[in-house]
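Comments concern the structure below.
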Amino acid sequence: MSDPWVALEPGADPAERVRLLRRAHETFTTAGTVPRPVRSVVAESWRRSARAGVGPDGAASVELTDGDLGAYRAEHPLSRVMPLFRELMGTFAADGEHLLAVCDAHGRLLWVEGHAATRRRADRMNFVPGARWSESAVGTNAPGTAVAVDRPVQVFAAEHFIRQVQPWTCAAAPVHDPRTGRVLGAVDITGGDGLAHPHSLGFVRAVARAAEAQLALLAPPRAAGEGPLLSALGRDEAELAVSERRIRLSRRHSEILVLLSRHPEGLSGDELLCALYADESVTPVTLRAELARLRRLLGPGLLASRPYRLTAAVEADATVVERRLETGALTAATEAYTGPLLPGSQAPAIVRLRERLARGLRSALIAHGDPDLLADWAHAPWGEDDPEVWRALAAVRPTAPVRARLAALEAELAAPTGRARARSRDATYLQRPRP
């Protein structure tokens with residue numbers, strides 16, 4: 001299967017697939033082994049479900065009802081994008097006899113809407129607002145599994161862990177807080193076998209991204225008391241937002257502020273010299289002159305000395321990406337990554353930071369295998385000549401253009417001059433191509 005996150009590719013026989021999955025499900029629930037036809041994402045989910053003590057004959061329980069449910073929904077961040085969900089998915093759900101569902105980060109269903117007859121059928125298995133549909137409660141299912149693995153997922157028929165859910169097919173995608181990157185919940189489309197198609201997975205993924213964009217627009221602007229914000233990704237000259245001011249920094253001042261923002265304890269003059277200058281002949285007098293100019297530019301009180309340090313906590317966009325990556329919020333980290341850190345800088349410490357951030361994000365994308373995230377990276381200036389990323393993309397999205405681009409890159413690498421060029425590319429692919 002070209003995309004391991006798609007349950008049933010076009011042209012496959014749904015009845016035959018259901019038969020194989022039911023046999024595999026029976027083998028797992030009786031012998032604890034997962035037969036070969038089961039996708040890895042489903043096999044791993046089955047194992048988590050079993051470890052959580054979920055039984056194949058279990059059922060969802062309703063945890064929030066009436067006033068408690070209403071109050072919880074009203075306060076939940078996803079309530080702000082419910083009109084968007086209804087606009088994008090409501091007609092599709094009603095016309096296709098499907099359901100639109102939204103859950104929180106704990107797998108509790110907050111809204112279930114759509115075709116009336118389908119809702120009545122879903123009510124019989126407690127697929128209703130207020131019910132918990134996390135993996136740990138009801139086993140493998142699209143909204144619960146999407147929250148568990150933090151990525152879009154499709155679950156078809158007997159891939160569901162609980163037997164009473166196996167007549168259904170669903171696709172869900174997590175929705176993240178655009179500022180912190182944490183998972184807020186998931187948006188889901190649930191119905192019959194007709195949803196077992198790559199388009200349904202792509203559909204909910206696009207809806208989730210639209211919701212995150214809408215949440216970003218609805219987020220309140222940074223308050224004056226939130227502290228300075230340093231933007232240094234994808235630009236050679238950083239910008240510092242301080243209260244109502246936006247300060248455009250020179251390249252050297254950009255490097256200094258990036259380093260000081262990462263060292264709130266401060267740096268000595270010697271430490272800054274080593275971090276900024278590869279040329280050991282640069283004198284401390286040169287650095288002190290740069291710092292004096294920077295202090296005048298920033299205004300009184302923000303830059304202190306002995307050691308050199310910032311007197312206010314500065315939020316840097318590179319740090320936001322790192323924090324989201326560390327918490328596993330890969331989609332949010334990728335969206336926050338607008339390019340390499342100060343791509344034109346040759347300061348030794350900046351080069352190390354730039355490479356560490358880009359390599360960490362790139363490695364996570366390759367390991368995660370999300371076709372949309374890989375495509376975004378591969379088509380960006382910093383990824384367009386990266387054969388490893390294109391190989392990963394071709395493995396999950398083997399379209400003709402992707403295969404053609406990968407073939408061109410591999411042919412270039414195979415040429416006598418290509419290997420030397422590849423070594424040079426490995427050293428510089430983290431930098432933005434110069435105009």
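We label chains A, B, ... in the order they appear in the structure tokens, count residues from 1 in each chain, and number ligands from 1 in the order shown.
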TODO: Name all residues at most 10 Å from Leu100 of chain A (count only C-alpha atoms; drop same-chain ones fewer than 3 positions away) and give them as JSON, numbers by chain.
DONE: {"A": [85, 86, 89, 90, 91, 92, 93, 94, 111, 112, 113, 114, 115, 119, 170, 172, 187, 188, 189, 190, 191]}
Within 9 Å of segment 360-372 of chain A, which residues of segment 213-331 of chain A come that close, and what is the closest atom pair and distance in Å for each? Count only C-alpha atoms and give it as JSON lines.
```
{"residue": "A:Val321", "atom": "CA", "partner": "A:Leu361", "partner_atom": "CA", "distance": 8.6}
{"residue": "A:Glu322", "atom": "CA", "partner": "A:Leu361", "partner_atom": "CA", "distance": 8.5}
{"residue": "A:Leu325", "atom": "CA", "partner": "A:Leu361", "partner_atom": "CA", "distance": 7.1}
{"residue": "A:Leu330", "atom": "CA", "partner": "A:Ala364", "partner_atom": "CA", "distance": 7.5}
```
Please produce a file of those selected residues containing N, CA and C atoms, as a short mmCIF file (atom, residue, chain, number, x, y, z; two decimals), in the first residue's frame.
```
data_model
loop_
_atom_site.label_atom_id
_atom_site.label_comp_id
_atom_site.auth_asym_id
_atom_site.auth_seq_id
_atom_site.Cartn_x
_atom_site.Cartn_y
_atom_site.Cartn_z
N VAL A 321 9.61 26.64 17.70
CA VAL A 321 9.71 25.43 16.90
C VAL A 321 10.32 24.30 17.73
N GLU A 322 11.39 24.59 18.45
CA GLU A 322 12.04 23.57 19.27
C GLU A 322 11.09 23.02 20.33
N LEU A 325 8.52 20.78 18.75
CA LEU A 325 9.14 19.54 18.31
C LEU A 325 9.40 18.62 19.49
N LEU A 330 4.38 17.88 15.80
CA LEU A 330 5.17 18.03 14.58
C LEU A 330 4.51 18.96 13.57
#
```
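Excluding Pro284 of chain A itself and any same-chain residue fewer than 4 positions from it, the protein and nucleic acid residues within 12 Å of it, counting only C-alpha atoms, are Ser268, Gly269, Asp270, Glu271, Leu272, Leu273, Cys274, Leu276, Tyr277, Glu280, Arg288, Ala289, Glu290 and Leu291 of chain A.
Distance annotation: of A:Arg309, A:Ala50, A:Leu230, A:Leu88, the residue with the minimal separation from Ala206 of chain A is A:Leu88; atom set is only C-alpha atoms.
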- [ ] Find the residue from A:Ala380, A:Val128, A:Ile162, A:Val183 that sits nearest to His106 of chain A; use only C-alpha atoms when measuring.
- [x] A:Val183
Skip segment 252-266 of chain A itself and residues of its chain fewer than 5 positions away, then list as a PDB file with C-alpha atoms, in the first residue's frame all residues within 10 Å of it, counting only C-alpha atoms.
```
ATOM      1  CA  LEU A 229       9.297  38.637  20.334  1.00  0.00           C
ATOM      2  CA  LEU A 230      12.310  37.843  18.148  1.00  0.00           C
ATOM      3  CA  SER A 231      11.705  36.627  14.570  1.00  0.00           C
ATOM      4  CA  ALA A 232      14.855  35.164  13.001  1.00  0.00           C
ATOM      5  CA  ARG A 235      15.484  35.931   7.259  1.00  0.00           C
ATOM      6  CA  ASP A 236      19.034  37.273   7.349  1.00  0.00           C
ATOM      7  CA  GLU A 237      18.056  40.287   9.431  1.00  0.00           C
ATOM      8  CA  ALA A 238      15.906  39.518  12.440  1.00  0.00           C
ATOM      9  CA  GLU A 239      13.038  41.636  13.721  1.00  0.00           C
ATOM     10  CA  LEU A 240      12.404  42.380  17.389  1.00  0.00           C
ATOM     11  CA  GLU A 271      32.018  33.672  25.100  1.00  0.00           C
ATOM     12  CA  LEU A 272      30.309  36.019  22.661  1.00  0.00           C
ATOM     13  CA  ALA A 275      30.239  32.301  19.364  1.00  0.00           C
ATOM     14  CA  LEU A 276      30.171  35.094  16.788  1.00  0.00           C
ATOM     15  CA  LEU A 287      32.478  43.380  19.889  1.00  0.00           C
ATOM     16  CA  GLU A 290      28.664  46.349  18.257  1.00  0.00           C
ATOM     17  CA  LEU A 291      27.062  45.931  21.671  1.00  0.00           C
ATOM     18  CA  ARG A 293      25.323  50.284  18.991  1.00  0.00           C
ATOM     19  CA  LEU A 294      22.805  47.541  19.836  1.00  0.00           C
ATOM     20  CA  ARG A 295      22.118  49.042  23.277  1.00  0.00           C
ATOM     21  CA  LEU A 297      19.057  50.770  19.147  1.00  0.00           C
ATOM     22  CA  LEU A 303      20.635  45.023  27.363  1.00  0.00           C
ATOM     23  CA  ALA A 304      22.791  44.698  30.475  1.00  0.00           C
ATOM     24  CA  SER A 305      26.488  43.884  30.786  1.00  0.00           C
ATOM     25  CA  ARG A 306      28.892  41.922  33.010  1.00  0.00           C
ATOM     26  CA  PRO A 307      27.807  39.477  31.747  1.00  0.00           C
ATOM     27  CA  TYR A 308      25.975  40.590  28.614  1.00  0.00           C
ATOM     28  CA  ARG A 309      22.341  39.626  29.051  1.00  0.00           C
ATOM     29  CA  LEU A 310      18.774  40.644  28.221  1.00  0.00           C
ATOM     30  CA  THR A 311      16.819  42.054  31.143  1.00  0.00           C
ATOM     31  CA  ALA A 312      13.482  40.760  29.779  1.00  0.00           C
ATOM     32  CA  ALA A 313      12.564  37.266  28.594  1.00  0.00           C
ATOM     33  CA  VAL A 314      12.594  37.254  24.795  1.00  0.00           C
ATOM     34  CA  GLU A 315      10.424  34.711  22.953  1.00  0.00           C
ATOM     35  CA  ALA A 316      12.241  33.602  19.794  1.00  0.00           C
ATOM     36  CA  ASP A 317      10.467  31.919  16.884  1.00  0.00           C
ATOM     37  CA  ALA A 318      13.213  29.281  16.710  1.00  0.00           C
ATOM     38  CA  THR A 319      12.568  28.395  20.355  1.00  0.00           C
ATOM     39  CA  LEU A 341      17.693  30.365  11.280  1.00  0.00           C
ATOM     40  CA  LEU A 342      19.499  33.489   9.961  1.00  0.00           C
ATOM     41  CA  SER A 345      24.995  33.925   9.027  1.00  0.00           C
ATOM     42  CA  GLN A 346      28.411  32.277   9.301  1.00  0.00           C
ATOM     43  CA  ALA A 347      28.770  32.862  13.042  1.00  0.00           C
ATOM     44  CA  ALA A 349      27.243  29.302  17.185  1.00  0.00           C
ATOM     45  CA  ILE A 350      24.436  30.350  14.806  1.00  0.00           C
ATOM     46  CA  LEU A 353      21.900  26.197  16.088  1.00  0.00           C
TER      47      LEU A 353
END
```
Task: Selection: 12 Å around Gly70 of chain A, only C-alpha atoms, excl. self and same-chain fewer than 3 positions, as JSON, numbers by chain - done: {"A": [64, 65, 66, 67, 73, 74, 75, 76, 79, 110, 111, 129, 130]}
Task: Exercise: segment 140-157 of chain A partners within 6 Å, only C-alpha atoms, chain neighbours under 4 positions left out, as a ChimeraX atom specification - done: /A:5-7,45,107,133-135,161,166-174,186,188
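Compared by their closest atoms to His25 of chain A, and using only C-alpha atoms, the residues A:Val402, A:Ala408, A:Ala158, A:Ala105 rank with A:Ala158 nearest.
Closest approach to Ala329 of chain A from the set A:Leu249, A:Val396, A:Ala414, A:Leu184 is made by A:Leu184, with distances taken over only C-alpha atoms.
Considering only C-alpha atoms, the residue among A:Gly139, A:Ala210, A:Ala358, A:Val242 positioned nearest to His160 of chain A is A:Gly139.
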- [ ] Write out as a PyMOL selection string all residues of segment 8-242 of chain A that backbone DSSP assigns to strand (DSSP E or B).
- [x] chain A and resi 62+99-104+108-114+131-132+153-156+169-176+183-191+229-231+233+239-242
Open item on the list: Quick check, in Å to one decimal: how far apart do atom CA of Ala31 of chain A and atom CA of Gly192 of chain A lie?
Closed with: 28.8 Å
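In this structure, atom CA of Leu413 of chain A sits 20.1 Å away from atom CA of Trp377 of chain A.
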